[in-house]
Amino acid sequence: MSRPTWALLLVLLTLAGCGAGDKEARARAAAEGYLQALKDKDPDRAMTFFARTYFETRPPAGWKADLRLIMARLGTLQAYSLKNWRWRTGFVPPDSGTHVTLEYEVKYTKHTATETFTVYKPLARGEYQIVGHKIVSRGFALE
């Protein structure tokens, strides 16, 4: 490899490898900000932790309707704890940036759930924002 190619490779490896704990903490701030807003019964604030692109397929009004259904089935959010996390950095547009996946155990008044968040930060700049959210709970089938 030529000298510029080695230098670029070194920079990319350095960017990808450093600060895993910082990635986790900053991604957790987004996911836990959302969860805390739900706990505080503030759906408008909860929405602010999602990326604009999240609402391209489901408008905010539909999202709020889904949230009301989730709360009707599971109850009010009581507590949450992080169970697992992982991260990856992609360098190929349009997804170049850091993707952190966080898995939480969430206790609602009626049921528990496993909630998985995908939190993304563009490579160049920007803040970590939620781009994916999945909820799994037996409570959906029981209520």
# chains A, B, ... in the order shown; residues from 1 in each chain; ligands from 1
>>> select_by_dssp(residues="chain A", states="helix (DSSP H, G or I)", output="number ranges by chain")
A: 3-17, 20-39, 43-47, 52-56, 60-74, 139-142
>>> residues_around(residues="range 97-99 of chain A", least_positions_apart="4", cutoff="9 Å", atoms="only C-alpha atoms", output="list of chain:residue names")
A:Ala16, A:Lys23, A:Ala27, A:Arg86, A:Trp87, A:Arg88, A:Thr89, A:Gly90, A:Phe91, A:Val92, A:Pro93, A:Thr118, A:Val119, A:Tyr120, A:Lys121, A:Pro122, A:Leu123, A:Ala124, A:Arg125, A:Tyr128
>>> write_last_selection(atoms="N, CA and C atoms", output="PDB file, in the first residue's frame")
ATOM      1  N   ALA A  16     -12.774   4.169  14.471  1.00  0.00           N
ATOM      2  CA  ALA A  16     -13.667   3.054  14.755  1.00  0.00           C
ATOM      3  C   ALA A  16     -13.397   2.442  16.119  1.00  0.00           C
ATOM      4  N   LYS A  23     -19.324   6.129  23.297  1.00  0.00           N
ATOM      5  CA  LYS A  23     -20.421   5.807  22.375  1.00  0.00           C
ATOM      6  C   LYS A  23     -21.607   5.260  23.160  1.00  0.00           C
ATOM      7  N   ALA A  27     -25.161   7.226  23.451  1.00  0.00           N
ATOM      8  CA  ALA A  27     -26.330   6.535  22.903  1.00  0.00           C
ATOM      9  C   ALA A  27     -27.355   6.277  24.005  1.00  0.00           C
ATOM     10  N   ARG A  86     -24.197  -3.024  21.892  1.00  0.00           N
ATOM     11  CA  ARG A  86     -23.117  -3.240  20.936  1.00  0.00           C
ATOM     12  C   ARG A  86     -23.100  -2.050  19.981  1.00  0.00           C
ATOM     13  N   TRP A  87     -21.977  -1.894  19.304  1.00  0.00           N
ATOM     14  CA  TRP A  87     -21.862  -0.770  18.375  1.00  0.00           C
ATOM     15  C   TRP A  87     -21.070  -1.180  17.153  1.00  0.00           C
ATOM     16  N   ARG A  88     -21.263  -0.411  16.111  1.00  0.00           N
ATOM     17  CA  ARG A  88     -20.473  -0.550  14.893  1.00  0.00           C
ATOM     18  C   ARG A  88     -20.397   0.814  14.222  1.00  0.00           C
ATOM     19  N   THR A  89     -19.318   1.014  13.502  1.00  0.00           N
ATOM     20  CA  THR A  89     -19.171   2.239  12.725  1.00  0.00           C
ATOM     21  C   THR A  89     -19.123   1.852  11.267  1.00  0.00           C
ATOM     22  N   GLY A  90     -19.962   2.489  10.467  1.00  0.00           N
ATOM     23  CA  GLY A  90     -20.002   2.248   9.038  1.00  0.00           C
ATOM     24  C   GLY A  90     -19.390   3.422   8.301  1.00  0.00           C
ATOM     25  N   PHE A  91     -18.722   3.119   7.209  1.00  0.00           N
ATOM     26  CA  PHE A  91     -18.062   4.181   6.434  1.00  0.00           C
ATOM     27  C   PHE A  91     -18.647   4.335   5.042  1.00  0.00           C
ATOM     28  N   VAL A  92     -19.729   3.602   4.744  1.00  0.00           N
ATOM     29  CA  VAL A  92     -20.325   3.660   3.414  1.00  0.00           C
ATOM     30  C   VAL A  92     -21.611   4.478   3.477  1.00  0.00           C
ATOM     31  N   PRO A  93     -21.670   5.588   2.723  1.00  0.00           N
ATOM     32  CA  PRO A  93     -22.890   6.396   2.706  1.00  0.00           C
ATOM     33  C   PRO A  93     -24.059   5.583   2.157  1.00  0.00           C
ATOM     34  N   THR A 118     -32.075   1.294  18.302  1.00  0.00           N
ATOM     35  CA  THR A 118     -30.934   1.546  17.438  1.00  0.00           C
ATOM     36  C   THR A 118     -30.736   3.048  17.440  1.00  0.00           C
ATOM     37  N   VAL A 119     -29.570   3.465  17.897  1.00  0.00           N
ATOM     38  CA  VAL A 119     -29.253   4.888  18.026  1.00  0.00           C
ATOM     39  C   VAL A 119     -28.118   5.179  17.053  1.00  0.00           C
ATOM     40  N   TYR A 120     -28.241   6.260  16.306  1.00  0.00           N
ATOM     41  CA  TYR A 120     -27.308   6.563  15.216  1.00  0.00           C
ATOM     42  C   TYR A 120     -26.755   7.978  15.361  1.00  0.00           C
ATOM     43  N   LYS A 121     -25.462   8.097  15.058  1.00  0.00           N
ATOM     44  CA  LYS A 121     -24.802   9.402  14.980  1.00  0.00           C
ATOM     45  C   LYS A 121     -24.039   9.446  13.665  1.00  0.00           C
ATOM     46  N   PRO A 122     -24.344  10.423  12.807  1.00  0.00           N
ATOM     47  CA  PRO A 122     -23.600  10.537  11.544  1.00  0.00           C
ATOM     48  C   PRO A 122     -22.106  10.697  11.802  1.00  0.00           C
ATOM     49  N   LEU A 123     -21.302  10.225  10.857  1.00  0.00           N
ATOM     50  CA  LEU A 123     -19.845  10.245  11.009  1.00  0.00           C
ATOM     51  C   LEU A 123     -19.307  11.671  11.120  1.00  0.00           C
ATOM     52  N   ALA A 124     -19.799  12.564  10.314  1.00  0.00           N
ATOM     53  CA  ALA A 124     -19.252  13.922  10.278  1.00  0.00           C
ATOM     54  C   ALA A 124     -19.593  14.737  11.522  1.00  0.00           C
ATOM     55  N   ARG A 125     -20.862  14.807  11.844  1.00  0.00           N
ATOM     56  CA  ARG A 125     -21.296  15.596  13.001  1.00  0.00           C
ATOM     57  C   ARG A 125     -22.722  15.245  13.335  1.00  0.00           C
ATOM     58  N   TYR A 128     -26.405  11.751  18.780  1.00  0.00           N
ATOM     59  CA  TYR A 128     -27.011  10.432  18.747  1.00  0.00           C
ATOM     60  C   TYR A 128     -28.525  10.591  18.829  1.00  0.00           C
TER      61      TYR A 128
END
>>> closest_residue(among="A:Lys83, A:Arg58, A:Lys39, A:Arg45", to="Met71 in chain A", atoms="only C-alpha atoms")
A:Lys39
>>> closest_residue(among="A:Ala51, A:Ala30, A:Ala79, A:Leu38", to="Leu67 in chain A", atoms="only C-alpha atoms")
A:Leu38
>>> atom_distance(atom1="CA of Arg52 in chain A", atom2="CA of Leu102 in chain A")
19.5 Å
>>> closest_residue(among="A:Val100, A:Ala46, A:Ala61, A:Ile70", to="Ala20 in chain A", atoms="only C-alpha atoms")
A:Val100
>>> closest_residue(among="A:Arg68, A:Ala25, A:Phe55, A:Glu115", to="Pro43 in chain A", atoms="only C-alpha atoms")
A:Arg68
>>> residues_around(residues="range 137-142 of chain A", least_positions_apart="4", cutoff="7 Å", atoms="only C-alpha atoms", output="ChimeraX atom specification")
/A:73-74,111-114
>>> closest_residue(among="A:Glu56, A:Glu32, A:Asp95, A:Glu127", to="Tyr80 in chain A", atoms="only C-alpha atoms")
A:Glu32
>>> closest_residue(among="A:Tyr108, A:Leu69, A:Thr101, A:Trp85", to="Lys134 in chain A", atoms="only C-alpha atoms")
A:Thr101
>>> atom_distance(atom1="CA of Glu143 in chain A", atom2="CA of Ala72 in chain A")
8.5 Å
>>> atom_distance(atom1="CA of Leu82 in chain A", atom2="CA of Thr57 in chain A")
27.3 Å
